[in-house]
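*Asks:* Please find data_14.cif (mmCIF, N, CA and C atoms and all ligand atoms) on the next line:
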data_run
#
loop_
_atom_site.label_atom_id
_atom_site.label_comp_id
_atom_site.auth_asym_id
_atom_site.auth_seq_id
_atom_site.Cartn_x
_atom_site.Cartn_y
_atom_site.Cartn_z
N MET G 300 7.00 -4.52 -11.27
CA MET G 300 7.64 -3.40 -11.95
C MET G 300 8.38 -2.53 -10.93
N ALA G 301 9.53 -2.99 -10.51
CA ALA G 301 10.24 -2.31 -9.43
C ALA G 301 10.75 -0.94 -9.86
N ASP G 302 10.88 -0.73 -11.18
CA ASP G 302 11.45 0.54 -11.62
C ASP G 302 10.39 1.65 -11.71
N LYS G 303 9.13 1.31 -11.49
CA LYS G 303 8.10 2.34 -11.52
C LYS G 303 8.01 3.05 -10.18
N PRO G 304 7.69 4.34 -10.20
CA PRO G 304 7.49 5.05 -8.93
C PRO G 304 6.29 4.47 -8.20
N GLU G 305 6.36 4.51 -6.88
CA GLU G 305 5.31 3.88 -6.08
C GLU G 305 4.23 4.88 -5.70
N ILE G 306 3.85 5.70 -6.65
CA ILE G 306 2.88 6.75 -6.38
C ILE G 306 1.56 6.21 -5.82
N PRO G 307 1.02 5.08 -6.34
CA PRO G 307 -0.26 4.61 -5.80
C PRO G 307 -0.21 4.33 -4.31
N ASN G 308 0.97 4.04 -3.78
CA ASN G 308 1.08 3.79 -2.35
C ASN G 308 0.76 5.01 -1.51
N TYR G 309 0.75 6.18 -2.13
CA TYR G 309 0.47 7.40 -1.37
C TYR G 309 -1.02 7.64 -1.16
N LEU G 310 -1.84 6.82 -1.77
CA LEU G 310 -3.28 7.05 -1.69
C LEU G 310 -3.79 7.21 -0.26
N PRO G 311 -3.41 6.33 0.70
CA PRO G 311 -3.92 6.53 2.07
C PRO G 311 -3.54 7.89 2.65
N ILE G 312 -2.36 8.38 2.30
CA ILE G 312 -1.93 9.69 2.81
C ILE G 312 -2.80 10.79 2.22
N PHE G 313 -3.07 10.70 0.94
CA PHE G 313 -3.89 11.74 0.30
C PHE G 313 -5.32 11.70 0.84
N ILE G 314 -5.84 10.49 1.04
CA ILE G 314 -7.20 10.37 1.58
C ILE G 314 -7.25 10.93 2.99
N ASN G 315 -6.21 10.65 3.77
CA ASN G 315 -6.17 11.19 5.13
C ASN G 315 -6.11 12.72 5.11
N ALA G 316 -5.33 13.24 4.18
CA ALA G 316 -5.23 14.70 4.07
C ALA G 316 -6.59 15.30 3.72
N LEU G 317 -7.34 14.63 2.86
CA LEU G 317 -8.66 15.12 2.49
C LEU G 317 -9.61 15.04 3.69
N ASN G 318 -9.53 13.94 4.44
CA ASN G 318 -10.34 13.80 5.65
C ASN G 318 -10.08 14.96 6.61
N GLU G 319 -8.79 15.23 6.82
CA GLU G 319 -8.43 16.27 7.77
C GLU G 319 -8.81 17.65 7.25
N HIS G 320 -8.96 17.75 5.94
CA HIS G 320 -9.34 19.02 5.33
C HIS G 320 -10.86 19.18 5.29
N GLY G 321 -11.59 18.13 5.69
CA GLY G 321 -13.04 18.22 5.77
C GLY G 321 -13.78 17.85 4.49
N ALA G 322 -13.10 17.18 3.57
CA ALA G 322 -13.77 16.75 2.34
C ALA G 322 -14.80 15.67 2.67
N SER G 323 -15.89 15.65 1.91
CA SER G 323 -16.93 14.66 2.15
C SER G 323 -16.46 13.28 1.69
N ALA G 324 -17.07 12.24 2.28
CA ALA G 324 -16.72 10.87 1.90
C ALA G 324 -16.97 10.64 0.42
N GLU G 325 -18.03 11.27 -0.10
CA GLU G 325 -18.35 11.09 -1.51
C GLU G 325 -17.25 11.66 -2.40
N ARG G 326 -16.78 12.85 -2.05
CA ARG G 326 -15.72 13.47 -2.87
C ARG G 326 -14.41 12.69 -2.72
N ILE G 327 -14.15 12.21 -1.51
CA ILE G 327 -12.94 11.43 -1.30
C ILE G 327 -12.98 10.17 -2.14
N ASP G 328 -14.17 9.54 -2.22
CA ASP G 328 -14.29 8.33 -3.01
C ASP G 328 -14.09 8.63 -4.50
N THR G 329 -14.54 9.78 -4.93
CA THR G 329 -14.31 10.19 -6.32
C THR G 329 -12.82 10.30 -6.60
N PHE G 330 -12.10 10.90 -5.65
CA PHE G 330 -10.65 11.00 -5.82
C PHE G 330 -10.01 9.62 -5.82
N ARG G 331 -10.49 8.75 -4.93
CA ARG G 331 -9.94 7.41 -4.85
C ARG G 331 -10.09 6.69 -6.19
N GLN G 332 -11.27 6.79 -6.78
CA GLN G 332 -11.51 6.13 -8.06
C GLN G 332 -10.62 6.72 -9.16
N TYR G 333 -10.49 8.05 -9.14
CA TYR G 333 -9.62 8.69 -10.12
C TYR G 333 -8.18 8.19 -9.94
N TRP G 334 -7.76 8.18 -8.67
CA TRP G 334 -6.38 7.81 -8.38
C TRP G 334 -6.07 6.39 -8.81
N GLU G 335 -7.00 5.47 -8.55
CA GLU G 335 -6.75 4.07 -8.86
C GLU G 335 -6.70 3.84 -10.37
N ALA G 336 -7.30 4.74 -11.15
CA ALA G 336 -7.23 4.64 -12.60
C ALA G 336 -6.04 5.40 -13.16
N HIS G 337 -5.34 6.15 -12.29
CA HIS G 337 -4.25 7.01 -12.72
C HIS G 337 -3.00 6.16 -12.95
N PRO G 338 -2.42 6.21 -14.14
CA PRO G 338 -1.22 5.40 -14.39
C PRO G 338 -0.09 5.76 -13.42
N SER G 339 0.54 4.73 -12.90
CA SER G 339 1.55 4.98 -11.88
C SER G 339 2.79 5.66 -12.45
N ASP G 340 2.93 5.66 -13.77
CA ASP G 340 4.09 6.31 -14.37
C ASP G 340 3.73 7.66 -14.98
N ALA G 341 2.57 8.17 -14.62
CA ALA G 341 2.18 9.49 -15.13
C ALA G 341 3.16 10.54 -14.63
N PRO G 342 3.40 11.56 -15.45
CA PRO G 342 4.42 12.54 -15.08
C PRO G 342 4.01 13.45 -13.94
N ASN G 343 2.72 13.64 -13.74
CA ASN G 343 2.33 14.52 -12.64
C ASN G 343 1.30 13.84 -11.74
N VAL G 344 1.22 14.36 -10.55
CA VAL G 344 0.35 13.81 -9.53
C VAL G 344 -0.71 14.85 -9.23
N PRO G 345 -1.98 14.50 -9.35
CA PRO G 345 -3.02 15.51 -9.11
C PRO G 345 -3.08 15.91 -7.64
N CYS G 346 -3.29 17.20 -7.39
CA CYS G 346 -3.48 17.66 -6.01
C CYS G 346 -4.85 17.20 -5.53
N PRO G 347 -4.91 16.41 -4.44
CA PRO G 347 -6.22 15.93 -3.98
C PRO G 347 -7.16 17.04 -3.57
N HIS G 348 -6.62 18.09 -2.96
CA HIS G 348 -7.47 19.20 -2.53
C HIS G 348 -8.10 19.90 -3.72
N ARG G 349 -7.29 20.13 -4.74
CA ARG G 349 -7.80 20.78 -5.93
C ARG G 349 -8.75 19.84 -6.67
N TYR G 350 -8.44 18.55 -6.69
CA TYR G 350 -9.26 17.60 -7.44
C TYR G 350 -10.67 17.55 -6.89
N VAL G 351 -10.81 17.46 -5.56
CA VAL G 351 -12.15 17.36 -4.99
C VAL G 351 -12.91 18.68 -5.14
N ALA G 352 -12.20 19.77 -5.41
CA ALA G 352 -12.85 21.05 -5.67
C ALA G 352 -13.15 21.22 -7.15
N GLY G 353 -12.83 20.21 -7.96
CA GLY G 353 -13.10 20.28 -9.39
C GLY G 353 -12.12 21.14 -10.15
N LYS G 354 -10.94 21.32 -9.58
CA LYS G 354 -9.95 22.19 -10.20
C LYS G 354 -8.66 21.41 -10.47
N ALA G 355 -7.86 21.94 -11.39
CA ALA G 355 -6.60 21.29 -11.72
C ALA G 355 -5.50 21.76 -10.77
N GLY G 356 -4.56 20.87 -10.54
CA GLY G 356 -3.41 21.21 -9.71
C GLY G 356 -2.49 20.00 -9.69
N SER G 357 -1.21 20.24 -9.73
CA SER G 357 -0.27 19.13 -9.75
C SER G 357 0.64 19.19 -8.53
N LEU G 358 0.88 18.04 -7.95
CA LEU G 358 1.85 17.97 -6.86
C LEU G 358 3.23 17.77 -7.44
N ILE G 359 4.16 18.57 -6.97
CA ILE G 359 5.54 18.43 -7.40
C ILE G 359 6.40 18.13 -6.18
N PRO G 360 7.48 17.37 -6.34
CA PRO G 360 8.33 17.04 -5.20
C PRO G 360 8.84 18.32 -4.54
N ALA G 361 8.63 18.43 -3.22
CA ALA G 361 9.00 19.66 -2.53
C ALA G 361 10.38 19.57 -1.90
N SER G 362 10.87 18.34 -1.75
CA SER G 362 12.13 18.17 -1.05
C SER G 362 13.32 18.39 -1.97
N GLY G 363 13.08 18.39 -3.29
CA GLY G 363 14.15 18.64 -4.22
C GLY G 363 15.13 17.50 -4.37
N ASN G 364 14.74 16.31 -3.94
CA ASN G 364 15.62 15.16 -4.15
C ASN G 364 14.79 13.96 -4.59
N ASP G 365 15.44 12.85 -4.79
CA ASP G 365 14.75 11.69 -5.33
C ASP G 365 13.91 10.94 -4.30
N ASP G 366 14.06 11.30 -3.04
CA ASP G 366 13.30 10.60 -2.01
C ASP G 366 11.82 10.97 -2.06
N LYS G 367 11.52 12.16 -2.56
CA LYS G 367 10.14 12.61 -2.67
C LYS G 367 9.39 12.45 -1.35
N GLU G 368 9.95 12.98 -0.29
CA GLU G 368 9.32 12.83 1.02
C GLU G 368 8.15 13.79 1.21
N SER G 369 8.06 14.79 0.37
CA SER G 369 6.87 15.63 0.40
C SER G 369 6.60 16.20 -0.98
N PHE G 370 5.33 16.51 -1.18
CA PHE G 370 4.90 17.14 -2.43
C PHE G 370 4.27 18.48 -2.09
N ARG G 371 4.38 19.41 -3.03
CA ARG G 371 3.70 20.69 -2.89
C ARG G 371 2.89 20.94 -4.15
N CYS G 372 1.66 21.41 -3.92
CA CYS G 372 0.78 21.71 -5.06
C CYS G 372 1.24 22.98 -5.75
N ASP G 373 1.31 22.91 -7.09
CA ASP G 373 1.75 24.09 -7.84
C ASP G 373 0.64 25.13 -7.97
N GLN G 374 -0.56 24.82 -7.50
CA GLN G 374 -1.67 25.77 -7.59
C GLN G 374 -2.06 26.33 -6.22
N CYS G 375 -2.36 25.46 -5.26
CA CYS G 375 -2.86 25.95 -3.97
C CYS G 375 -1.76 25.97 -2.90
N GLY G 376 -0.61 25.40 -3.20
CA GLY G 376 0.50 25.47 -2.26
C GLY G 376 0.44 24.46 -1.13
N ALA G 377 -0.57 23.60 -1.13
CA ALA G 377 -0.68 22.58 -0.08
C ALA G 377 0.53 21.66 -0.14
N GLU G 378 1.06 21.35 1.05
CA GLU G 378 2.19 20.43 1.11
C GLU G 378 1.73 19.14 1.76
N ILE G 379 2.07 18.02 1.16
CA ILE G 379 1.68 16.72 1.67
C ILE G 379 2.92 15.88 1.88
N VAL G 380 3.16 15.52 3.14
CA VAL G 380 4.33 14.71 3.49
C VAL G 380 4.00 13.25 3.24
N VAL G 381 4.92 12.53 2.64
CA VAL G 381 4.66 11.15 2.26
C VAL G 381 5.68 10.19 2.87
N ASN G 382 6.24 10.55 4.02
CA ASN G 382 7.22 9.65 4.63
C ASN G 382 6.52 8.54 5.43
N ASP G 383 7.32 7.70 6.09
CA ASP G 383 6.76 6.54 6.79
C ASP G 383 5.81 6.96 7.91
N ALA G 384 6.18 8.01 8.64
CA ALA G 384 5.32 8.45 9.75
C ALA G 384 3.97 8.93 9.23
N ALA G 385 3.99 9.63 8.11
CA ALA G 385 2.74 10.11 7.53
C ALA G 385 1.88 8.93 7.08
N MET G 386 2.52 7.89 6.55
CA MET G 386 1.77 6.72 6.12
C MET G 386 1.15 6.00 7.31
N ARG G 387 1.92 5.87 8.40
CA ARG G 387 1.36 5.23 9.60
C ARG G 387 0.16 6.01 10.11
N HIS G 388 0.32 7.32 10.17
CA HIS G 388 -0.77 8.18 10.63
C HIS G 388 -1.99 8.03 9.72
N ALA G 389 -1.74 7.98 8.44
CA ALA G 389 -2.85 7.87 7.48
C ALA G 389 -3.57 6.54 7.64
N LEU G 390 -2.82 5.47 7.83
CA LEU G 390 -3.44 4.15 7.94
C LEU G 390 -4.22 4.02 9.24
N GLU G 391 -3.73 4.65 10.30
CA GLU G 391 -4.47 4.64 11.56
C GLU G 391 -5.77 5.41 11.41
N GLY G 392 -5.69 6.57 10.75
CA GLY G 392 -6.89 7.37 10.53
C GLY G 392 -7.90 6.66 9.64
N LYS G 393 -7.38 5.92 8.66
CA LYS G 393 -8.23 5.24 7.72
C LYS G 393 -9.09 4.19 8.42
N ASP G 394 -8.51 3.53 9.43
CA ASP G 394 -9.26 2.52 10.17
C ASP G 394 -10.50 3.13 10.81
N ARG G 395 -10.37 4.38 11.23
CA ARG G 395 -11.50 5.00 11.95
C ARG G 395 -12.56 5.53 10.99
N THR G 396 -12.14 5.95 9.81
CA THR G 396 -13.06 6.74 8.99
C THR G 396 -13.52 6.03 7.74
N ASN G 397 -13.01 4.85 7.47
CA ASN G 397 -13.24 4.26 6.16
C ASN G 397 -14.18 3.06 6.19
N ASP G 398 -14.91 2.87 7.27
CA ASP G 398 -15.79 1.69 7.28
C ASP G 398 -17.23 2.02 7.58
ZN ZN F 401 -3.55 21.99 -4.43
#
Turn the structure described in the file into structure tokens.
Ligand SMILES: [Zn+2]

*Replies:*
Amino acid sequence: MADKPEIPNYLPIFINALNEHGASAERIDTFRQYWEAHPSDAPNVPCPHRYVAGKAGSLIPASGNDDKESFRCDQCGAEIVVNDAAMRHALEGKDRTND
């Protein structure tokens, strides 16, 4: 489905952001399970920081263009960059913390 947004690909970045924010592995896993069940064509993206706190929040594209290189939470204001460098950083971090 090439026409669908590749939102699920951002999962490592969001998990890395939660790690860096000090979220517990248990809460991160809860977010992971939620995310994997989240339809990739859903209109909004849950804020991982708000989600692990049990609160609602949606990430909206912060760059104002179709590239969606960063998202900003409409509730807590957290900004999450989703470009290639952020993904590399997230995948490197994941190797250390996810086993
Ligand atoms: Zn938030």

*Asks:* Could you tell me how far atom CA of G:Ile327 lies from atom CA of G:Arg349, in Å and to one decimal?

*Replies:*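 A separation of 11.6 Å between them.
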
*Asks:* Would you mind listing what lies within 8 Å of stretch 356-359 of chain G as a list in words, with only N, CA and C atoms counted and same-chain residues fewer than 6 positions away left out?

*Replies:*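 Neighbouring residues, sequence-local ones excluded: Pro342, Asn343, Val344, Pro345, Cys346, Pro347, His348, Arg349, Tyr350, Lys367, Ser369, Phe370, Arg371, Cys372, Asp373, Gln374, Cys375 and Ala377 of chain G.
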
*Asks:* Looking at G:Asn308, G:Glu325, G:Ala361, G:Arg331, which one is nearest to G:Ile379, with distances taken over all atoms listed in the file?

*Replies:*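 When distances to G:Ile379 are compared using all atoms listed in the file, the smallest one comes from G:Ala361.
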
*Asks:* May I ask which of the residues G:Glu368, G:Ser323, G:Asn315, G:Lys354 is the closest one to G:Val380, counting all atoms listed in the file?

*Replies:*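 Comparing G:Glu368, G:Ser323, G:Asn315, G:Lys354 against G:Val380, the winner is G:Glu368.
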
*Asks:* I need the residue nearest ligand ZN 401 (chain F) from this list: G:Ala316, G:Ala355, G:Ala324, G:Leu310. Use all atoms listed in the file for the distance.

*Replies:*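 Closest to ligand ZN 401 (chain F), using all atoms listed in the file: G:Ala355.
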
*Asks:* Is there a way to get, as a PDB file with N, CA and C atoms, in the coordinates of the input, all residues within 6.5 Å of the point (-3.3, 6.4, -3.6) in file coordinates, counting all atoms listed in the file?

*Replies:*
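Wrote it out as result.pdb, contents follow:
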ATOM      1  N   ILE G 306       3.850   5.700  -6.650  1.00  0.00           N
ATOM      2  CA  ILE G 306       2.880   6.750  -6.380  1.00  0.00           C
ATOM      3  C   ILE G 306       1.560   6.210  -5.820  1.00  0.00           C
ATOM      4  N   PRO G 307       1.020   5.080  -6.340  1.00  0.00           N
ATOM      5  CA  PRO G 307      -0.260   4.610  -5.800  1.00  0.00           C
ATOM      6  C   PRO G 307      -0.210   4.330  -4.310  1.00  0.00           C
ATOM      7  N   ASN G 308       0.970   4.040  -3.780  1.00  0.00           N
ATOM      8  CA  ASN G 308       1.080   3.790  -2.350  1.00  0.00           C
ATOM      9  C   ASN G 308       0.760   5.010  -1.510  1.00  0.00           C
ATOM     10  N   TYR G 309       0.750   6.180  -2.130  1.00  0.00           N
ATOM     11  CA  TYR G 309       0.470   7.400  -1.370  1.00  0.00           C
ATOM     12  C   TYR G 309      -1.020   7.640  -1.160  1.00  0.00           C
ATOM     13  N   LEU G 310      -1.840   6.820  -1.770  1.00  0.00           N
ATOM     14  CA  LEU G 310      -3.280   7.050  -1.690  1.00  0.00           C
ATOM     15  C   LEU G 310      -3.790   7.210  -0.260  1.00  0.00           C
ATOM     16  N   PRO G 311      -3.410   6.330   0.700  1.00  0.00           N
ATOM     17  CA  PRO G 311      -3.920   6.530   2.070  1.00  0.00           C
ATOM     18  C   PRO G 311      -3.540   7.890   2.650  1.00  0.00           C
ATOM     19  N   ILE G 312      -2.360   8.380   2.300  1.00  0.00           N
ATOM     20  CA  ILE G 312      -1.930   9.690   2.810  1.00  0.00           C
ATOM     21  C   ILE G 312      -2.800  10.790   2.220  1.00  0.00           C
ATOM     22  N   PHE G 313      -3.070  10.700   0.940  1.00  0.00           N
ATOM     23  CA  PHE G 313      -3.890  11.740   0.300  1.00  0.00           C
ATOM     24  C   PHE G 313      -5.320  11.700   0.840  1.00  0.00           C
ATOM     25  N   TRP G 334      -7.760   8.180  -8.670  1.00  0.00           N
ATOM     26  CA  TRP G 334      -6.380   7.810  -8.380  1.00  0.00           C
ATOM     27  C   TRP G 334      -6.070   6.390  -8.810  1.00  0.00           C
ATOM     28  N   GLU G 335      -7.000   5.470  -8.550  1.00  0.00           N
ATOM     29  CA  GLU G 335      -6.750   4.070  -8.860  1.00  0.00           C
ATOM     30  C   GLU G 335      -6.700   3.840 -10.370  1.00  0.00           C
TER      31      GLU G 335
END

*Asks:* For atom CA of G:Asp328 and atom C of G:Pro360, determine how far apart the two atoms are, in Å to one decimal place.

*Replies:* 25.2 Å

*Asks:* Record the distance separating atom ZN of ligand ZN 401 (chain F) and atom CA of G:Gly376, expressed in Å with one decimal.

*Replies:* 5.8 Å

*Asks:* As JSON, please: the centre and edge lengths in Å, to one decimal, of an axis-aligned box enclosing every listed atom of stretch 346-358 of chain G with 5 Å added on each side.

*Replies:*
{"center_x": -5.0, "center_y": 19.1, "center_z": -7.1, "size_x": 26.4, "size_y": 16.3, "size_z": 19.2}

*Asks:* Rank nothing, just name the residue among G:Val351, G:Val381, G:Ile314, G:His388 nearest to ligand ZN 401 (chain F), using only C-alpha atoms and all ligand atoms.

*Replies:*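 Result for the nearest residue to ligand ZN 401 (chain F): G:Val351.
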
*Asks:* Closest to ligand ZN 401 (chain F) among G:Leu390, G:Ala385, G:Tyr333, G:Glu378, using all atoms listed in the file?

*Replies:*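 For ligand ZN 401 (chain F), the nearest of the candidates is G:Glu378.
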
*Asks:* Using DSSP on the backbone coordinates, identify all residues within stretch 304-339 of chain G classified as helix (DSSP H, G or I); present the result as a ChimeraX atom specification.

*Replies:* /G:306-320,324-336
